[in-house]
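Visitor: So here's upload.txt, just compact mmCIF, C-alpha atoms:
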```txt
# COMPACT_ATOMS: atom_id res chain seq x y z
CA MET T 1 -5.59 -5.77 24.70
CA PRO T 2 -1.89 -6.60 25.31
CA GLN T 3 0.38 -3.59 25.14
CA ASN T 4 3.78 -5.00 24.28
CA ASN T 5 3.60 -7.31 21.23
CA LEU T 6 3.59 -5.47 17.93
CA LEU T 7 3.47 -7.43 14.68
CA ILE T 8 5.29 -6.01 11.65
CA ALA T 9 3.97 -7.68 8.49
CA PHE T 10 5.97 -7.40 5.27
CA GLY T 11 7.33 -9.14 2.17
CA GLY T 12 4.66 -10.88 0.15
CA VAL T 13 4.14 -12.17 -3.38
CA SER T 14 4.82 -8.87 -5.10
CA PRO T 15 7.34 -7.27 -7.46
CA GLU T 16 7.83 -4.75 -4.64
CA HIS T 17 8.85 -7.47 -2.15
CA GLU T 18 12.34 -6.11 -1.44
CA VAL T 19 11.06 -2.56 -0.97
CA SER T 20 8.64 -3.89 1.65
CA VAL T 21 11.49 -5.58 3.53
CA LEU T 22 13.35 -2.26 3.70
CA THR T 23 10.28 -0.40 4.98
CA ALA T 24 9.68 -3.00 7.69
CA ILE T 25 13.28 -2.94 8.91
CA GLN T 26 13.23 0.86 9.00
CA ALA T 27 10.05 0.77 11.11
CA ALA T 28 11.54 -1.81 13.47
CA HIS T 29 14.64 0.32 13.95
CA ALA T 30 12.53 3.42 14.67
CA LEU T 31 10.50 1.50 17.29
CA SER T 32 13.48 -0.25 18.89
CA GLN T 33 13.32 2.04 21.94
CA SER T 34 9.52 1.90 22.32
CA GLY T 35 9.55 -0.81 25.00
CA ARG T 36 7.51 -3.15 22.78
CA THR T 37 8.35 -6.64 21.61
CA LEU T 38 8.53 -6.45 17.81
CA ILE T 39 7.31 -9.63 16.10
CA PRO T 40 8.10 -10.04 12.39
CA LEU T 41 5.64 -11.64 10.01
CA TYR T 42 7.59 -12.20 6.83
CA ILE T 43 5.66 -13.52 3.83
CA THR T 44 8.04 -15.11 1.33
CA LYS T 45 7.92 -14.63 -2.42
CA ASN T 46 6.02 -17.91 -2.72
CA GLY T 47 3.53 -17.01 0.03
CA ARG T 48 4.86 -18.80 3.13
CA TRP T 49 4.30 -17.08 6.50
CA LEU T 50 7.42 -17.05 8.71
CA THR T 51 8.52 -15.41 11.95
CA GLY T 52 11.77 -15.13 13.89
CA GLU T 53 13.86 -12.30 15.31
CA HIS T 54 16.46 -12.61 12.55
CA LEU T 55 13.87 -11.53 9.97
CA LEU T 56 14.13 -7.93 11.20
CA ASP T 57 17.89 -7.93 10.53
CA LEU T 58 18.84 -6.76 7.03
CA GLU T 59 21.96 -8.95 7.10
CA SER T 60 19.72 -12.05 7.10
CA TYR T 61 18.57 -11.31 3.55
CA LYS T 62 22.04 -11.74 2.11
CA GLU T 63 21.37 -15.50 2.38
CA ILE T 64 17.63 -15.56 1.90
CA ARG T 65 17.30 -19.36 1.77
CA GLN T 66 19.01 -19.74 5.10
CA ALA T 67 16.86 -16.99 6.57
CA GLU T 68 13.71 -18.76 5.41
CA GLU T 69 14.88 -22.13 6.70
CA LYS T 70 15.57 -20.57 10.09
CA GLY T 71 12.13 -18.93 10.25
CA ARG T 72 9.20 -20.56 12.03
CA PRO T 73 5.94 -21.06 10.10
CA CYS T 74 3.07 -19.10 11.61
CA HIS T 75 -0.53 -18.05 11.04
CA PHE T 76 -3.30 -15.96 12.55
CA ALA T 77 -5.52 -17.91 14.94
CA LEU T 78 -7.94 -17.54 17.86
CA ASP T 79 -7.21 -18.87 21.33
CA ASP T 80 -9.70 -20.78 23.49
CA GLN T 81 -11.36 -17.53 24.53
CA GLY T 82 -11.68 -16.35 20.93
CA ARG T 83 -8.89 -13.78 21.23
CA PRO T 84 -6.83 -13.21 18.07
CA GLY T 85 -3.08 -13.62 17.83
CA LEU T 86 -0.21 -15.29 16.01
CA ARG T 87 0.41 -19.01 16.39
CA THR T 88 3.78 -20.46 15.43
CA SER T 89 4.22 -24.04 14.31
CA PRO T 90 6.44 -26.45 16.27
CA ALA T 91 10.13 -26.26 15.38
CA GLY T 92 11.87 -29.53 16.19
CA TRP T 93 10.80 -32.44 18.38
CA LEU T 94 11.05 -30.61 21.70
CA ARG T 95 9.43 -27.31 20.80
CA LYS T 96 5.72 -26.64 21.15
CA PRO T 97 3.56 -24.24 19.18
CA GLN T 98 3.82 -20.70 20.51
CA TRP T 99 0.88 -18.36 20.99
CA ILE T 100 1.56 -14.61 20.70
CA SER T 101 -1.13 -12.10 21.60
CA LEU T 102 -0.91 -8.85 19.66
CA GLU T 103 -1.48 -5.17 20.37
CA ALA T 104 -1.67 -4.28 16.67
CA VAL T 105 -0.31 -5.09 13.22
CA ILE T 106 1.90 -2.69 11.28
CA CYS T 107 1.22 -3.33 7.59
CA ALA T 108 4.50 -2.68 5.75
CA PHE T 109 3.65 -4.35 2.45
CA HIS T 110 3.99 -2.71 -0.95
CA GLY T 111 1.89 -3.85 -3.88
CA ALA T 112 -0.21 -6.94 -4.57
CA ASP T 113 -2.10 -8.74 -1.81
CA GLY T 114 -0.41 -6.88 1.04
CA GLU T 115 -1.57 -3.44 -0.07
CA ASN T 116 -4.74 -4.10 -2.07
CA GLY T 117 -6.99 -4.93 0.89
CA SER T 118 -6.50 -8.71 0.94
CA PHE T 119 -4.23 -8.81 4.00
CA GLN T 120 -6.31 -6.09 5.62
CA GLY T 121 -9.32 -8.37 5.12
CA LEU T 122 -7.54 -11.11 7.08
CA CYS T 123 -6.93 -8.68 9.91
CA GLU T 124 -10.64 -7.81 9.85
CA ILE T 125 -11.64 -11.48 9.93
CA TYR T 126 -9.43 -12.08 12.97
CA ASN T 127 -10.48 -8.75 14.53
CA LEU T 128 -6.92 -7.46 14.78
CA PRO T 129 -6.14 -3.72 14.85
CA TYR T 130 -3.88 -2.75 11.96
CA THR T 131 -2.28 0.36 10.52
CA GLY T 132 -3.18 2.12 7.32
CA ALA T 133 -6.22 2.11 5.07
CA GLY T 134 -9.04 -0.38 5.46
CA VAL T 135 -10.15 -2.99 2.94
CA SER T 136 -12.13 -0.79 0.54
CA ALA T 137 -9.74 2.18 0.65
CA SER T 138 -6.76 -0.13 0.10
CA ALA T 139 -8.46 -1.71 -2.91
CA LEU T 140 -9.36 1.68 -4.38
CA GLY T 141 -5.90 3.07 -3.77
CA MET T 142 -4.27 0.12 -5.51
CA ASP T 143 -6.49 0.40 -8.57
CA LYS T 144 -5.27 3.50 -10.41
CA ARG T 145 -8.17 3.38 -12.87
CA LEU T 146 -10.91 3.32 -10.23
CA ALA T 147 -9.16 5.95 -8.09
CA LYS T 148 -8.89 8.28 -11.07
CA GLU T 149 -12.49 7.67 -12.10
CA LEU T 150 -13.73 8.52 -8.60
CA CYS T 151 -11.65 11.70 -8.65
CA ARG T 152 -13.08 12.66 -12.06
CA ARG T 153 -16.60 12.38 -10.68
CA HIS T 154 -15.66 14.73 -7.84
CA GLU T 155 -14.00 17.25 -10.18
CA ILE T 156 -10.46 16.51 -9.04
CA PRO T 157 -8.15 16.99 -12.05
CA VAL T 158 -6.53 13.87 -13.56
CA VAL T 159 -4.84 13.38 -16.94
CA ASP T 160 -6.74 11.78 -19.82
CA ASP T 161 -6.21 8.08 -20.35
CA VAL T 162 -7.30 4.93 -22.16
CA TRP T 163 -7.98 1.72 -20.22
CA ILE T 164 -6.64 -1.46 -21.85
CA ARG T 165 -7.55 -4.96 -20.65
CA GLU T 166 -5.48 -7.88 -21.86
CA ASP T 167 -8.42 -9.78 -23.37
CA HIS T 168 -9.58 -6.61 -25.17
CA TRP T 169 -6.05 -6.02 -26.49
CA VAL T 170 -6.05 -9.46 -28.09
CA ARG T 171 -9.32 -8.78 -29.93
CA GLU T 172 -9.22 -5.01 -30.53
CA GLN T 173 -5.58 -3.97 -30.66
CA ASP T 174 -5.90 -1.62 -33.64
CA GLU T 175 -8.89 0.20 -32.15
CA LEU T 176 -7.23 0.59 -28.75
CA VAL T 177 -4.08 1.95 -30.38
CA ARG T 178 -6.20 4.48 -32.28
CA GLN T 179 -7.92 5.58 -29.05
CA ALA T 180 -4.56 5.97 -27.30
CA GLU T 181 -3.07 7.95 -30.19
CA LYS T 182 -5.94 10.43 -30.00
CA LEU T 183 -4.41 11.54 -26.68
CA GLY T 184 -1.24 12.48 -28.55
CA TYR T 185 2.33 11.35 -28.02
CA PRO T 186 4.29 11.13 -25.80
CA LEU T 187 2.29 8.65 -23.72
CA TYR T 188 2.86 6.66 -20.54
CA VAL T 189 1.90 2.98 -20.28
CA LYS T 190 1.49 1.73 -16.72
CA PRO T 191 0.02 -1.30 -14.90
CA VAL T 192 -3.19 -0.44 -13.04
CA THR T 193 -2.34 -2.22 -9.77
CA LEU T 194 1.43 -1.84 -9.35
CA GLY T 195 3.60 0.80 -7.76
CA SER T 196 7.28 1.77 -7.53
CA SER T 197 7.22 2.64 -11.26
CA ILE T 198 7.46 -1.07 -12.13
CA GLY T 199 6.26 -1.81 -15.67
CA VAL T 200 5.92 1.92 -16.54
CA HIS T 201 7.05 3.00 -20.02
CA ARG T 202 7.22 6.34 -21.80
CA VAL T 203 6.52 5.94 -25.54
CA GLU T 204 6.88 8.27 -28.50
CA ASN T 205 5.36 6.26 -31.39
CA ARG T 206 3.06 3.38 -32.32
CA GLU T 207 5.71 0.66 -32.35
CA ALA T 208 6.98 1.64 -28.92
CA LEU T 209 3.38 1.81 -27.65
CA SER T 210 2.62 -1.76 -28.74
CA ASP T 211 5.90 -3.05 -27.29
CA ALA T 212 5.27 -1.26 -23.99
CA VAL T 213 1.75 -2.66 -23.69
CA GLU T 214 3.00 -6.21 -24.27
CA SER T 215 5.77 -5.69 -21.72
CA SER T 216 3.48 -4.23 -19.05
CA PHE T 217 1.06 -7.14 -19.41
CA ARG T 218 3.76 -9.23 -17.73
CA TYR T 219 2.79 -7.50 -14.49
CA ASP T 220 -0.93 -6.82 -14.77
CA MET T 221 -3.94 -7.69 -16.91
CA ASP T 222 -5.15 -4.07 -16.79
CA LEU T 223 -3.17 -1.09 -18.07
CA LEU T 224 -3.62 2.64 -18.40
CA VAL T 225 -2.23 4.62 -21.32
CA GLU T 226 -1.99 8.23 -20.19
CA LYS T 227 -1.24 11.51 -21.91
CA ALA T 228 2.15 12.77 -20.75
CA VAL T 229 2.29 16.06 -18.88
CA HIS T 230 5.08 18.22 -20.28
CA PRO T 231 7.06 20.05 -19.05
CA LEU T 232 6.57 17.95 -15.92
CA THR T 233 7.47 18.37 -12.28
CA GLU T 234 6.43 15.59 -9.90
CA ILE T 235 5.22 16.79 -6.50
CA ASN T 236 4.39 14.45 -3.62
CA CYS T 237 2.57 15.13 -0.37
CA SER T 238 1.84 12.82 2.56
CA VAL T 239 -1.35 12.79 4.63
CA LEU T 240 -1.75 11.41 8.16
CA GLY T 241 -5.07 10.93 9.90
CA ASP T 242 -8.57 9.50 9.51
CA ASP T 243 -12.14 10.66 8.93
CA ASP T 244 -12.08 12.83 12.05
CA THR T 245 -8.81 14.71 11.67
CA LEU T 246 -5.93 14.80 9.22
CA GLN T 247 -2.77 16.74 8.59
CA THR T 248 -0.60 17.15 5.52
CA SER T 249 3.18 17.10 5.28
CA VAL T 250 5.46 19.45 3.44
CA CYS T 251 5.63 18.78 -0.30
CA GLU T 252 8.62 17.22 -2.04
CA GLN T 253 9.95 17.21 -5.58
CA PRO T 254 11.48 13.79 -6.29
CA LEU T 255 14.40 13.93 -8.72
CA GLY T 256 15.34 11.38 -11.37
CA LYS T 257 17.19 10.98 -14.62
CA GLU T 258 13.91 11.28 -16.53
CA GLU T 259 10.83 13.41 -15.93
CA LEU T 260 9.01 10.45 -14.30
CA LEU T 261 10.98 8.53 -11.67
CA SER T 262 12.01 4.94 -12.35
CA PHE T 263 12.33 2.12 -9.81
CA GLU T 264 16.09 2.69 -9.82
CA ASP T 265 15.65 6.41 -9.13
CA LYS T 266 13.44 5.62 -6.15
CA TYR T 267 15.28 2.77 -4.46
CA MET T 268 18.78 2.24 -5.85
CA GLN T 269 20.50 5.57 -5.23
CA GLY T 270 23.95 5.14 -3.73
CA ASP T 271 25.69 1.97 -2.59
CA SER T 272 26.19 2.45 1.14
CA GLY T 273 24.32 -0.76 1.91
CA GLU T 274 22.06 0.98 4.41
CA ALA T 275 18.37 0.11 4.55
CA LYS T 276 17.16 3.46 3.22
CA GLY T 277 14.41 2.33 0.83
CA MET T 278 12.38 5.21 -0.57
CA ALA T 279 14.34 7.56 1.71
CA SER T 280 17.41 7.03 -0.49
CA ALA T 281 15.88 8.74 -3.53
CA SER T 282 17.07 12.20 -4.53
CA ARG T 283 14.54 14.91 -3.72
CA ARG T 284 14.00 18.52 -2.82
CA ILE T 285 12.23 19.14 0.47
CA PRO T 286 10.36 21.40 0.57
CA ALA T 287 9.50 21.38 -3.12
CA PRO T 288 10.62 24.56 -4.93
CA ILE T 289 7.10 25.75 -5.68
CA SER T 290 5.11 28.76 -4.53
CA ASP T 291 3.26 28.84 -1.22
CA GLU T 292 0.00 29.07 -3.18
CA LYS T 293 0.81 25.95 -5.23
CA THR T 294 1.92 24.11 -2.09
CA ALA T 295 -1.39 24.93 -0.39
CA GLU T 296 -3.33 23.82 -3.48
CA ILE T 297 -1.59 20.44 -3.55
CA GLN T 298 -1.98 19.93 0.20
CA GLU T 299 -5.69 20.72 -0.05
CA LEU T 300 -6.11 18.27 -2.94
CA ALA T 301 -4.20 15.59 -1.04
CA GLY T 302 -6.50 15.92 1.96
CA ARG T 303 -9.63 15.86 -0.20
CA ILE T 304 -8.54 12.71 -2.03
CA PHE T 305 -7.48 11.00 1.21
CA ARG T 306 -10.96 11.56 2.64
CA LEU T 307 -12.73 10.77 -0.63
CA LEU T 308 -11.11 7.32 -0.81
CA GLY T 309 -11.76 6.68 2.88
CA CYS T 310 -8.10 6.32 3.85
CA ALA T 311 -6.57 6.15 7.32
CA GLY T 312 -3.11 6.18 8.82
CA VAL T 313 -0.42 7.54 6.54
CA ALA T 314 -0.51 7.76 2.74
CA ARG T 315 1.50 9.54 0.07
CA LEU T 316 -0.23 11.22 -2.86
CA ASP T 317 1.66 11.90 -6.07
CA PHE T 318 0.80 14.82 -8.33
CA LEU T 319 1.88 15.98 -11.78
CA LEU T 320 2.58 19.69 -12.18
CA ASN T 321 2.73 21.26 -15.63
CA ARG T 322 5.47 23.86 -15.27
CA GLU T 323 4.20 25.78 -18.29
CA ASN T 324 0.61 26.46 -17.26
CA GLY T 325 0.72 25.60 -13.55
CA LYS T 326 -2.00 22.95 -13.75
CA VAL T 327 -1.89 20.19 -11.13
CA TYR T 328 -3.14 16.63 -11.77
CA PHE T 329 -3.62 13.80 -9.28
CA ASN T 330 -1.48 10.86 -10.37
CA GLU T 331 -1.84 8.13 -7.73
CA ILE T 332 -2.10 7.39 -4.03
CA ASN T 333 0.16 5.04 -2.08
CA THR T 334 -1.85 3.78 0.90
CA ILE T 335 1.34 2.16 2.28
CA PRO T 336 4.05 4.51 1.02
CA GLY T 337 7.67 3.45 0.77
CA SER T 338 9.46 4.08 4.09
CA PHE T 339 6.05 5.30 5.34
CA SER T 340 7.17 8.68 3.91
CA PHE T 341 8.90 9.34 7.23
CA TYR T 342 11.32 11.75 5.51
CA LEU T 343 8.39 14.04 4.67
CA TRP T 344 7.18 13.97 8.27
CA GLU T 345 10.65 14.56 9.70
CA ALA T 346 10.71 17.67 7.47
CA SER T 347 7.33 18.51 9.03
CA GLU T 348 8.84 18.24 12.54
CA MET T 349 7.50 14.75 13.36
CA ARG T 350 10.04 12.03 14.20
CA PHE T 351 9.68 8.58 12.60
CA ASP T 352 8.89 6.85 15.90
CA ARG T 353 6.14 9.38 16.64
CA LEU T 354 4.72 8.89 13.14
CA LEU T 355 4.52 5.13 13.72
CA GLU T 356 2.93 5.62 17.14
CA GLU T 357 0.30 7.86 15.54
CA MET T 358 -0.38 5.23 12.87
CA ILE T 359 -0.84 2.60 15.59
CA ARG T 360 -3.12 4.91 17.57
CA ILE T 361 -5.32 5.53 14.53
CA GLY T 362 -5.50 1.80 13.76
CA LYS T 363 -6.53 0.97 17.33
CA LYS T 364 -9.07 3.80 17.33
CA ARG T 365 -10.71 2.45 14.16
CA HIS T 366 -10.68 -1.04 15.71
CA ARG T 367 -12.50 0.22 18.81
CA LYS T 368 -15.08 1.99 16.66
CA LYS T 369 -15.74 -1.19 14.70
CA ASN T 370 -16.16 -3.27 17.84
CA SER T 371 -18.55 -0.72 19.34
CA ARG T 372 -21.10 -1.65 16.65
CA VAL T 373 -23.49 -4.58 16.73
CA ARG T 374 -21.51 -7.37 15.06
CA SER T 375 -23.91 -10.29 15.57
CA HIS T 376 -27.66 -10.80 15.89
CA ASP T 377 -28.78 -13.38 18.43
CA ILE T 378 -32.00 -14.99 17.23
CA ASN T 379 -33.47 -18.45 17.41
CA LEU T 380 -33.77 -18.91 13.62
CA LEU T 381 -31.65 -22.04 13.21
CA SER T 382 -33.15 -23.87 16.14
CA GLN T 383 -36.64 -23.13 14.79
CA LYS T 384 -35.63 -24.40 11.36
CA ALA T 385 -34.08 -27.49 12.95
CA VAL T 386 -37.40 -28.34 14.61
CA LYS T 387 -39.21 -28.14 11.28
CA GLY T 388 -36.51 -30.11 9.48
CA LEU T 389 -35.40 -29.79 5.90
CA LYS T 390 -38.97 -29.88 4.60
CA GLY T 391 -39.70 -26.71 6.52
CA LEU T 392 -36.94 -24.91 4.65
CA LYS T 393 -38.72 -25.40 1.32
CA GLY T 394 -41.56 -23.13 2.32
CA GLY T 395 -39.60 -19.96 1.69
CA LYS T 396 -37.27 -17.63 3.52
```
Can you present the structure in this file as structure tokens?

Guide:
Amino acid sequence: MPQNNLLIAFGGVSPEHEVSVLTAIQAAHALSQSGRTLIPLYITKNGRWLTGEHLLDLESYKEIRQAEEKGRPCHFALDDQGRPGLRTSPAGWLRKPQWISLEAVICAFHGADGENGSFQGLCEIYNLPYTGAGVSASALGMDKRLAKELCRRHEIPVVDDVWIREDHWVREQDELVRQAEKLGYPLYVKPVTLGSSIGVHRVENREALSDAVESSFRYDMDLLVEKAVHPLTEINCSVLGDDDTLQTSVCEQPLGKEELLSFEDKYMQGDSGEAKGMASASRRIPAPISDEKTAEIQELAGRIFRLLGCAGVARLDFLLNRENGKVYFNEINTIPGSFSFYLWEASEMRFDRLLEEMIRIGKKRHRKKNSRVRSHDINLLSQKAVKGLKGLKGGK
């Protein structure tokens, strides 16, 4: 396996596209002294795959059309020996396609097909090592409803909710409103498969509930209506590891204008122009909670990480009721904004070391997969070919 070409994959057809760009550029900056060649794979908002050194420069995105025009189309492919890599398309009459072998892929997507297991599935098909959760864990982590349901079955506390599908809303709106109102206002309406607080609404009455549901359907066909925790303190904790070993970070209390952070609270603090991403949000690190509550949340974070089958780094978000001290699992981010490096720096792990550990875990999982039997050499097709099509009719 080549040791110097590292692919950083980011962008994508997602409302969280810009956040992904920031995370990727942060990672590239942290790895700039690693001795590796960093190869960008930028997926545009309409799904085109592009590469080019300029795509890891934040300044390029001031003129996004020019940046895209300058990029070279690319795709995963296998060489003549069946080895996976990135192939670029010709650029101009005199340039030939370029083949780039890869050590690993850093997945820096947020939301949609980059974080829900779809891109991870491509990496599996091409047998490429990649960072973060695998296909099934990524899909579970993206689906808030399924993640919560799995936690319920394992007696991990989550807030009560009502699941609303768009087709059901059209036919049964009154009944679904009644079910939601049984939870008691205030309520939160949120898309099932989005992050970064996009499409999330706090509602206090029936009219606001209906308006919020209609608005959130712009982003997803599945919604959750959840009972609000009040008085609320959000507490986040990051986990790094795999099935064998894991460690938890210090906890943080993110701060916003409202009890639940908005997209603006998370990503649009300040105007310095630096690529800070999730690291720009206001927060208290460590969170101002007791050692006992910190340990409880860290233990829950590790349990959920293992329960969902995650790997690499993830951030788990919890809801703490300040009045009674109860803690509820809210959601998991299998590719957290900025890779939650600020939590690990507070846990005495530099960003570059965090990324190296993520790469190591991804390569370890890749080796484990390839140590299994992945094909079965038998003479079935040649035997069937001798019998012809008529022989196939006799059964399996």

Visitor: Point out the residue among T:His230, T:Arg374, T:Arg367, T:Lys148 with the least atom-to-atom distance to Leu128 (chain T), counting all atoms listed in the file.

Guide: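 Using all atoms listed in the file, the shortest distance to Leu128 (chain T) belongs to T:Arg367.
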
Visitor: At what distance in Å, to one decimal, does CA of Leu300 (chain T) lie from CA of Val200 (chain T)?

Guide: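 The value is 24.4 Å.
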
Visitor: Check the smallest atom-to-atom distance from each of T:Thr294, T:Asn205, T:Ser20, T:Ser371 to Arg178 (chain T) using all atoms listed in the file, then report the winner.

Guide: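 Going through T:Thr294, T:Asn205, T:Ser20, T:Ser371 one by one, the smallest distance to Arg178 (chain T) is for T:Asn205.
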
Visitor: Just to confirm, what's the straight-line distance from CA of Pro286 (chain T) to CA of Trp344 (chain T) in Å (one decimal)?

Guide: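 These two atoms are separated by 11.2 Å.
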
Visitor: Show me the residues close to (-6.3, 5.3, 15.8) - anything with an atom within 10 Å, counting all atoms listed in the file - and format the list as an mmCIF file with C-alpha atoms, in the coordinates of the input.

Guide:
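The result, stored in part27.cif:
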```cif
data_model
loop_
_atom_site.group_PDB
_atom_site.id
_atom_site.type_symbol
_atom_site.label_atom_id
_atom_site.label_comp_id
_atom_site.auth_asym_id
_atom_site.auth_seq_id
_atom_site.Cartn_x
_atom_site.Cartn_y
_atom_site.Cartn_z
ATOM 1 C CA PRO T 129 -6.140 -3.720 14.850
ATOM 2 C CA TYR T 130 -3.880 -2.750 11.960
ATOM 3 C CA THR T 131 -2.280 0.360 10.520
ATOM 4 C CA GLY T 132 -3.180 2.120 7.320
ATOM 5 C CA GLY T 241 -5.070 10.930 9.900
ATOM 6 C CA ASP T 242 -8.570 9.500 9.510
ATOM 7 C CA ALA T 311 -6.570 6.150 7.320
ATOM 8 C CA GLY T 312 -3.110 6.180 8.820
ATOM 9 C CA GLU T 356 2.930 5.620 17.140
ATOM 10 C CA GLU T 357 0.300 7.860 15.540
ATOM 11 C CA MET T 358 -0.380 5.230 12.870
ATOM 12 C CA ILE T 359 -0.840 2.600 15.590
ATOM 13 C CA ARG T 360 -3.120 4.910 17.570
ATOM 14 C CA ILE T 361 -5.320 5.530 14.530
ATOM 15 C CA GLY T 362 -5.500 1.800 13.760
ATOM 16 C CA LYS T 363 -6.530 0.970 17.330
ATOM 17 C CA LYS T 364 -9.070 3.800 17.330
ATOM 18 C CA ARG T 365 -10.710 2.450 14.160
ATOM 19 C CA HIS T 366 -10.680 -1.040 15.710
ATOM 20 C CA ARG T 367 -12.500 0.220 18.810
ATOM 21 C CA LYS T 368 -15.080 1.990 16.660
#
```

Visitor: With distances taken over all atoms listed in the file, which of T:Pro157, T:Gly114, T:Gly184, T:Gly141 is nearest to Leu319 (chain T)?

Guide: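 When distances to Leu319 (chain T) are compared using all atoms listed in the file, the smallest one comes from T:Pro157.
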
Visitor: Would you compute the distance between CA of Leu194 (chain T) and CA of Thr51 (chain T)? Give it in Å to one decimal.

Guide: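 Here the two named atoms are 26.2 Å from each other.
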
Visitor: Starting from the point (8.3, -24.5, 11.4), work out which residues of protein, DNA or RNA have an atom no more than 10 Å away when counting only C-alpha atoms; state them as a ChimeraX atom specification.

Guide: /T:49-51,68-74,88-92,95,97

Visitor: Quick one: of T:Asp79, T:Glu323, T:Asp244, T:Glu299, who's nearest to Leu232 (chain T), counting only C-alpha atoms?

Guide: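 Nearest to Leu232 (chain T): T:Glu323.
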
Visitor: For a quick check of understanding, using only C-alpha atoms, which of T:Leu86, T:Ile125, T:Val158, T:Ala30 has the smallest distance to Leu102 (chain T)?

Guide: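 Closest candidate: T:Leu86.
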
Visitor: Excluding same-chain residues fewer than 2 positions from region 171-177 of chain T, what lies within 12 Å of it counting only C-alpha atoms, as a PyMOL selection string?

Guide: chain T and resi 161-169+179-185+187+189+205-214+223-225

Visitor: Of the candidates T:Arg218, T:Arg322, T:His110, T:Lys227, which one gets nearest to Arg202 (chain T) if we count all atoms listed in the file?

Guide: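 Smallest separation from Arg202 (chain T) among the options: T:Lys227.
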
Visitor: May I have the residues within 9 Å of region 288-291 of chain T as a list in words, using only C-alpha atoms and disregarding those fewer than 6 positions away in the same chain?

Guide: Cys251, Glu252 and Gln253 of chain T

Visitor: Per residue of region 322-392 of chain T within 12 Å of region 135-138 of chain T, note the shortest atom pair and the distance in Å to one decimal, counting only C-alpha atoms, and order the rows by chain and increasing residue number, as a Markdown table.

Guide:
```
| residue | atom | partner | partner_atom | distance |
| --- | --- | --- | --- | --- |
| T:Ile332 | CA | T:Ser138 | CA | 9.8 |
| T:Asn333 | CA | T:Ser138 | CA | 8.9 |
| T:Thr334 | CA | T:Ser138 | CA | 6.3 |
| T:Ile335 | CA | T:Ser138 | CA | 8.7 |
| T:Pro336 | CA | T:Ser138 | CA | 11.8 |
```
